[in-house]
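Next up, upload.txt (compact mmCIF, C-alpha atoms):
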```txt
# COMPACT_ATOMS: atom_id res chain seq x y z
CA MET R 1 -21.99 40.22 4.98
CA ASN R 2 -20.49 37.94 7.65
CA ARG R 3 -22.28 38.60 10.96
CA GLU R 4 -20.12 36.24 13.02
CA LYS R 5 -18.50 38.02 15.94
CA LYS R 6 -14.77 38.56 15.79
CA THR R 7 -12.76 37.50 18.82
CA ILE R 8 -10.39 39.99 20.43
CA LEU R 9 -7.94 39.12 23.19
CA VAL R 10 -6.99 41.95 25.56
CA VAL R 11 -3.74 41.33 27.47
CA ASP R 12 -3.36 43.92 30.25
CA ASP R 13 -2.62 43.75 33.97
CA GLU R 14 -4.78 46.82 34.79
CA PRO R 15 -8.54 46.04 35.18
CA VAL R 16 -9.35 49.69 34.51
CA ASN R 17 -7.79 49.42 31.06
CA LEU R 18 -9.87 46.33 30.35
CA GLU R 19 -13.05 48.18 31.35
CA LEU R 20 -12.18 51.06 29.06
CA ILE R 21 -11.47 48.78 26.12
CA LEU R 22 -14.68 46.83 26.77
CA ASP R 23 -16.63 50.10 26.66
CA LEU R 24 -14.97 51.04 23.38
CA LEU R 25 -15.64 47.63 21.83
CA GLY R 26 -19.27 47.45 22.91
CA THR R 27 -21.16 44.23 22.15
CA GLU R 28 -19.91 43.82 18.59
CA PHE R 29 -16.99 41.54 19.55
CA GLU R 30 -16.28 38.49 21.69
CA VAL R 31 -13.62 39.61 24.17
CA LEU R 32 -11.09 37.41 25.97
CA TYR R 33 -8.86 38.68 28.79
CA ALA R 34 -5.41 37.83 30.15
CA SER R 35 -3.61 39.67 32.96
CA ASN R 36 -0.02 38.91 31.84
CA GLY R 37 1.95 38.02 28.76
CA GLU R 38 2.33 34.34 29.59
CA ARG R 39 -1.41 33.85 29.93
CA GLY R 40 -1.87 35.93 26.79
CA VAL R 41 0.35 33.56 24.80
CA GLN R 42 -1.56 30.57 26.19
CA LEU R 43 -4.98 32.01 25.28
CA THR R 44 -3.76 33.05 21.84
CA THR R 45 -2.63 29.48 21.19
CA GLU R 46 -5.84 27.93 22.52
CA LYS R 47 -8.46 30.34 21.13
CA LEU R 48 -6.79 31.74 17.99
CA PRO R 49 -8.39 35.19 18.29
CA ASP R 50 -8.77 37.51 15.30
CA LEU R 51 -6.81 40.25 17.06
CA VAL R 52 -4.66 40.73 20.17
CA ILE R 53 -4.41 44.05 22.04
CA MET R 54 -1.21 43.76 24.07
CA ASP R 55 0.03 45.92 26.97
CA TRP R 56 3.82 46.37 27.24
CA GLU R 57 4.76 46.33 30.92
CA MET R 58 3.17 43.36 32.75
CA PRO R 59 4.16 40.84 35.44
CA VAL R 60 5.34 37.29 34.67
CA MET R 61 5.99 38.10 30.99
CA ASN R 62 5.97 41.50 29.31
CA GLY R 63 4.20 42.29 26.05
CA ILE R 64 7.25 42.25 23.80
CA ASP R 65 8.30 38.78 24.98
CA ALA R 66 4.71 37.61 24.54
CA ILE R 67 4.66 38.90 20.96
CA LEU R 68 7.86 36.98 20.21
CA LYS R 69 6.31 33.77 21.55
CA ILE R 70 3.16 34.27 19.49
CA LYS R 71 5.13 34.98 16.32
CA GLU R 72 7.33 31.91 16.83
CA ASN R 73 4.29 29.63 16.64
CA PRO R 74 3.20 28.91 13.03
CA ASP R 75 -0.41 28.54 14.19
CA THR R 76 -0.52 32.05 15.70
CA ALA R 77 2.14 33.93 13.72
CA ASP R 78 -0.39 35.61 11.41
CA ILE R 79 -2.66 36.95 14.18
CA PRO R 80 -2.38 40.79 14.19
CA ILE R 81 -1.22 42.37 17.46
CA ILE R 82 -1.71 45.98 18.53
CA VAL R 83 0.55 47.19 21.33
CA ALA R 84 -1.24 49.59 23.73
CA THR R 85 0.92 51.20 26.40
CA GLY R 86 1.02 54.28 28.59
CA ILE R 87 4.71 54.03 29.49
CA MET R 88 6.74 52.99 26.42
CA THR R 89 5.52 55.72 24.07
CA GLU R 90 8.66 57.03 22.40
CA SER R 91 9.50 56.58 18.71
CA ASN R 92 12.12 53.96 19.57
CA ASP R 93 9.46 52.02 21.49
CA LEU R 94 7.18 52.11 18.44
CA LYS R 95 10.02 50.77 16.29
CA THR R 96 10.77 48.01 18.79
CA ALA R 97 7.12 46.90 18.89
CA LEU R 98 6.82 46.85 15.10
CA ASP R 99 10.16 45.05 14.71
CA MET R 100 8.98 42.34 17.09
CA GLY R 101 5.87 41.70 14.99
CA ALA R 102 3.15 44.12 16.14
CA VAL R 103 1.06 45.64 13.33
CA ASP R 104 0.20 48.86 15.21
CA PHE R 105 0.98 50.90 18.33
CA LEU R 106 -1.44 52.89 20.55
CA ALA R 107 -0.50 55.24 23.37
CA LYS R 108 -2.64 55.35 26.50
CA PRO R 109 -4.91 56.98 27.40
CA LEU R 110 -6.72 55.68 24.36
CA ASN R 111 -8.47 58.04 22.00
CA PRO R 112 -11.85 56.42 21.10
CA ILE R 113 -11.86 57.55 17.45
CA GLU R 114 -8.22 56.57 16.88
CA PHE R 115 -8.75 53.28 18.72
CA LYS R 116 -11.71 52.25 16.55
CA ALA R 117 -9.92 53.28 13.35
CA ARG R 118 -6.81 51.28 14.24
CA LEU R 119 -8.97 48.37 15.40
CA ASN R 120 -10.89 48.20 12.12
CA SER R 121 -7.66 48.43 10.15
CA ALA R 122 -6.11 45.56 12.13
CA LEU R 123 -9.24 43.42 11.76
CA SER R 124 -9.22 44.01 8.00
CA LEU R 125 -5.61 42.86 8.03
CA SER R 126 -6.62 39.80 10.04
CA ALA R 127 -9.35 38.97 7.51
CA SER R 128 -6.84 39.31 4.68
CA TYR R 129 -4.41 37.01 6.48
CA GLN R 130 -7.13 34.40 6.94
CA GLN R 131 -8.16 34.62 3.30
CA ILE R 132 -4.57 34.30 2.13
CA LYS R 133 -4.03 31.37 4.51
CA LYS R 134 -7.16 29.65 3.22
CA GLN R 135 -6.13 30.18 -0.40
CA LYS R 136 -2.66 28.89 0.37
CA GLN R 137 -4.11 25.76 1.96
CA GLU R 138 -6.38 25.25 -1.05
CA ILE R 139 -3.45 25.69 -3.44
CA GLU R 140 -1.31 23.29 -1.41
CA ALA R 141 -4.14 20.73 -1.32
CA PHE R 142 -4.62 21.09 -5.09
CA ALA R 143 -0.87 20.78 -5.70
CA LYS R 144 -0.74 17.71 -3.47
CA GLN R 145 -3.63 16.12 -5.38
CA GLU R 146 -1.99 16.99 -8.70
CA LYS R 147 1.28 15.46 -7.53
CA LYS R 148 -0.54 12.32 -6.41
CA LEU R 149 -2.33 12.00 -9.77
CA LEU R 150 0.96 12.59 -11.61
CA GLU R 151 2.73 9.94 -9.54
CA GLU R 152 -0.15 7.50 -10.11
CA ASN R 153 -0.02 8.23 -13.84
CA ILE R 154 3.74 7.68 -13.92
CA GLU R 155 3.37 4.46 -11.93
CA ALA R 156 0.68 3.25 -14.35
CA LYS R 157 2.89 4.06 -17.33
CA ALA R 158 5.82 2.32 -15.64
CA ARG R 159 3.71 -0.80 -15.19
CA GLU R 160 2.59 -0.61 -18.83
CA LEU R 161 6.20 -0.18 -19.93
CA THR R 162 7.35 -3.20 -17.93
CA SER R 163 4.42 -5.26 -19.21
CA ALA R 164 5.21 -4.27 -22.80
CA ALA R 165 8.88 -5.16 -22.33
CA ILE R 166 7.97 -8.52 -20.82
CA PHE R 167 5.54 -9.14 -23.68
CA ASP R 168 8.34 -8.36 -26.16
CA TYR R 169 10.62 -10.68 -24.22
CA GLN R 170 8.06 -13.51 -24.35
CA LYS R 171 7.41 -12.89 -28.05
CA ASN R 172 11.11 -13.00 -28.85
CA GLU R 173 11.54 -16.11 -26.72
CA LEU R 174 8.75 -17.88 -28.61
CA LEU R 175 10.03 -16.76 -32.01
CA ALA R 176 13.55 -17.86 -31.12
CA LYS R 177 12.24 -21.30 -30.21
CA LEU R 178 10.33 -21.49 -33.48
CA MET R 179 13.44 -20.49 -35.42
CA ASN R 180 15.43 -23.22 -33.70
CA GLU R 181 12.71 -25.76 -34.45
CA LEU R 182 12.58 -24.71 -38.09
CA SER R 183 16.36 -25.02 -38.35
CA ARG R 184 16.11 -28.52 -36.96
CA LEU R 185 13.31 -29.43 -39.37
CA ASP R 186 15.25 -27.93 -42.29
CA SER R 187 18.10 -30.32 -41.62
CA VAL R 188 15.96 -33.45 -41.48
CA THR R 189 13.07 -32.67 -43.83
CA ASN R 190 12.79 -33.61 -47.49
CA GLN R 191 14.12 -30.90 -49.81
CA MET R 192 10.67 -30.37 -51.29
CA TYR R 193 9.69 -28.62 -48.04
CA ALA R 194 12.82 -26.50 -47.78
CA PRO R 195 11.44 -23.45 -49.67
CA GLU R 196 8.37 -23.43 -47.43
CA ILE R 197 10.52 -23.64 -44.28
CA LYS R 198 12.73 -20.80 -45.50
CA LYS R 199 9.65 -18.67 -46.22
CA ILE R 200 8.34 -19.24 -42.71
CA SER R 201 11.79 -18.46 -41.28
CA ARG R 202 11.88 -15.14 -43.13
CA GLU R 203 8.44 -14.20 -41.79
CA ILE R 204 9.51 -15.01 -38.23
CA LYS R 205 12.72 -12.97 -38.64
CA SER R 206 10.64 -10.00 -39.74
CA TYR R 207 8.95 -10.07 -36.33
CA LEU R 208 12.35 -10.24 -34.65
CA ASP R 209 13.03 -6.61 -35.60
CA LEU R 210 14.95 -5.61 -32.47
CA GLU R 211 15.56 -2.01 -33.50
CA LYS R 212 11.85 -1.45 -34.16
CA SER R 213 11.07 -3.00 -30.77
CA TRP R 214 13.63 -0.70 -29.14
CA THR R 215 12.15 2.39 -30.85
CA ASN R 216 8.69 1.57 -29.51
CA PHE R 217 10.10 0.75 -26.09
CA LYS R 218 12.11 4.00 -25.89
CA LEU R 219 9.05 6.05 -26.83
CA HIS R 220 7.20 4.75 -23.77
CA PHE R 221 10.33 4.73 -21.61
CA ASP R 222 10.82 8.46 -22.21
CA GLU R 223 7.27 9.15 -21.06
CA VAL R 224 8.03 7.54 -17.71
CA ASN R 225 11.65 8.73 -17.42
CA PRO R 226 11.87 11.93 -19.52
CA GLY R 227 15.43 12.78 -20.54
CA TYR R 228 16.94 9.97 -18.46
CA LEU R 229 19.02 8.33 -21.17
CA GLU R 230 20.11 11.70 -22.58
CA ARG R 231 21.36 12.84 -19.16
CA LEU R 232 23.15 9.54 -18.65
CA ALA R 233 24.79 9.76 -22.08
CA ALA R 234 25.84 13.37 -21.47
CA LYS R 235 27.47 12.50 -18.15
CA TYR R 236 29.09 9.24 -19.28
CA THR R 237 30.10 9.99 -22.84
CA SER R 238 31.74 6.62 -23.50
CA LEU R 239 28.45 4.69 -23.23
CA THR R 240 27.47 2.97 -26.47
CA HIS R 241 23.97 2.76 -27.95
CA ASN R 242 23.63 -0.86 -26.78
CA GLU R 243 24.88 0.01 -23.28
CA LEU R 244 22.23 2.75 -23.01
CA LYS R 245 19.66 0.14 -23.98
CA VAL R 246 20.87 -2.07 -21.15
CA CYS R 247 20.61 0.89 -18.75
CA ALA R 248 16.99 1.39 -19.79
CA TYR R 249 16.19 -2.28 -19.25
CA LEU R 250 17.84 -2.18 -15.84
CA LYS R 251 15.89 0.98 -14.99
CA ILE R 252 12.57 -0.86 -15.32
CA GLY R 253 13.84 -3.84 -13.33
CA LEU R 254 14.42 -6.52 -15.98
CA ASN R 255 16.68 -9.43 -15.10
CA ASN R 256 19.62 -10.75 -17.13
CA LYS R 257 17.61 -13.39 -18.96
CA GLU R 258 14.94 -10.89 -20.00
CA ILE R 259 17.59 -8.43 -21.18
CA ALA R 260 19.27 -11.20 -23.20
CA LEU R 261 16.05 -12.04 -25.04
CA LEU R 262 15.19 -8.42 -25.74
CA ALA R 263 18.70 -7.73 -27.04
CA ASN R 264 18.92 -11.14 -28.79
CA ILE R 265 22.19 -12.06 -27.08
CA GLU R 266 23.39 -14.83 -24.75
CA SER R 267 22.99 -14.49 -20.96
CA ALA R 268 26.77 -14.69 -20.60
CA SER R 269 27.08 -11.71 -22.94
CA VAL R 270 24.72 -9.74 -20.69
CA ARG R 271 26.92 -10.49 -17.66
CA ARG R 272 29.98 -9.26 -19.53
CA ALA R 273 28.08 -6.19 -20.71
CA LEU R 274 27.05 -5.38 -17.13
CA THR R 275 30.66 -5.68 -15.96
CA ARG R 276 31.82 -3.25 -18.67
CA LEU R 277 28.93 -0.95 -17.90
CA LYS R 278 29.83 -0.82 -14.23
CA LYS R 279 33.39 0.24 -15.09
CA LYS R 280 32.20 2.93 -17.50
CA LEU R 281 29.88 4.30 -14.83
CA GLU R 282 32.91 4.49 -12.52
CA LEU R 283 31.36 2.33 -9.80
CA THR R 284 33.46 0.67 -7.13
CA ALA R 285 33.42 -3.05 -6.48
CA ASP R 286 31.11 -2.53 -3.50
CA GLU R 287 28.57 -0.44 -5.43
CA ASP R 288 25.62 -2.26 -7.01
CA LEU R 289 24.96 -1.45 -10.66
CA ARG R 290 21.20 -1.98 -10.46
CA ASP R 291 20.88 0.19 -7.36
CA PHE R 292 22.86 2.92 -9.10
CA ILE R 293 20.69 2.81 -12.24
CA LEU R 294 17.44 2.81 -10.23
CA GLY R 295 18.62 5.72 -8.08
CA HIS R 296 20.06 7.83 -10.89
CA LYS R 297 17.83 10.75 -11.89
```
Is it possible to express this structure as structure tokens?
Amino acid sequence: MNREKKTILVVDDEPVNLELILDLLGTEFEVLYASNGERGVQLTTEKLPDLVIMDWEMPVMNGIDAILKIKENPDTADIPIIVATGIMTESNDLKTALDMGAVDFLAKPLNPIEFKARLNSALSLSASYQQIKKQKQEIEAFAKQEKKLLEENIEAKARELTSAAIFDYQKNELLAKLMNELSRLDSVTNQMYAPEIKKISREIKSYLDLEKSWTNFKLHFDEVNPGYLERLAAKYTSLTHNELKVCAYLKIGLNNKEIALLANIESASVRRALTRLKKKLELTADEDLRDFILGHK
């Protein structure tokens, strides 16, 4: 059982009322005191009591206005407030107090048994509020951590995806150079070596399987950008398979030369493809294609 004293703020301009409430509370609680609503709001903000017992009619600021101020502040909005008054005791007054944010209403003179029962009920409510607030903070902290881990995981996969694409680009670049060199050798080498050169050329071409490379790339691309290409294709129905490939390469930040090697086309062809792509995506002359692709969800 938690033995820590609860803090109760009494806001009342009549010292005799404070004395009565102090007698009723005994030594079980830590009691704070304010003689008007304005000071009550200030102490509530500074001390964050477990409960506020608020008079209605007071100088400087009345109890109802004080309740409104307390409820407007996110830090104090959940603190239970009991209105205790000897003047505003009609049913309409009770409704007004509850509508403004009070959790209970006591008419003066206070009945000791009723007072203690209402007090315990309000303190139980306060404890529930605090528990809910704590759980909410824990859930928000957990969600924030989960989001951070997810973002870090996505960033790591994005880096892996870019690295894999660059590796594919470098592989294709090297194989393309080897193919060119073999073609040159085939034209100047003795015919007795021609079958061997052709065999090597076929082996190199087997590694230049662009569709297989794209399938592997798209598998990892979809992990980082789930459903991206499908949404793009659904919105812009005229996009071809190759144009969607270009969109994916742009999405991970590849330049024209890298796209050309991955797609096994000339750099000039990439420039023409980007121009067509911009028109199909209905972009104006002032809009940047890469910015659009990177920003599109």
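Taking atom CA of Lys251 of chain R and atom CA of Glu146 of chain R as endpoints, the distance between them is 24.8 Å.
Counting all atoms listed in the file and comparing R:Asn36, R:Gln130, R:Thr96, R:Asn73, the residue that lies closest to Leu51 of chain R is R:Gln130.
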Quick one, how far is atom CA of Lys278 of chain R from atom CA of Tyr249 of chain R?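 So the two atoms, atom CA of Lys278 of chain R and atom CA of Tyr249 of chain R, lie 14.6 Å apart.
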In Å, how far is it from atom CA of Ala143 of chain R to atom CA of Lys71 of chain R? 26.9 Å
Shell of 9 Å around segment 76-89 of chain R, all atoms listed in the file, local chain residues under 2 positions omitted, as a count of residues only: 47
Using only C-alpha atoms, which of R:Met179, R:Ile259, R:Lys279, R:Lys297 sits nearest Pro226 of chain R?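 Selected residue with least distance to Pro226 of chain R: R:Lys297.
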Counting only C-alpha atoms, give me one row per residue of segment 224-243 of chain R with an atom at most 12 Å from an atom of segment 284-296 of chain R, showing the shortest contact pair and its distance in Å to one decimal, sorted by chain then residue number, as a Markdown table.
```
| residue | atom | partner | partner_atom | distance |
| --- | --- | --- | --- | --- |
| R:Asn225 | CA | R:His296 | CA | 10.7 |
| R:Gly227 | CA | R:His296 | CA | 11.8 |
| R:Tyr228 | CA | R:His296 | CA | 8.5 |
| R:Leu229 | CA | R:His296 | CA | 10.3 |
| R:Arg231 | CA | R:His296 | CA | 9.8 |
| R:Leu232 | CA | R:His296 | CA | 8.5 |
| R:Lys235 | CA | R:His296 | CA | 11.4 |
```
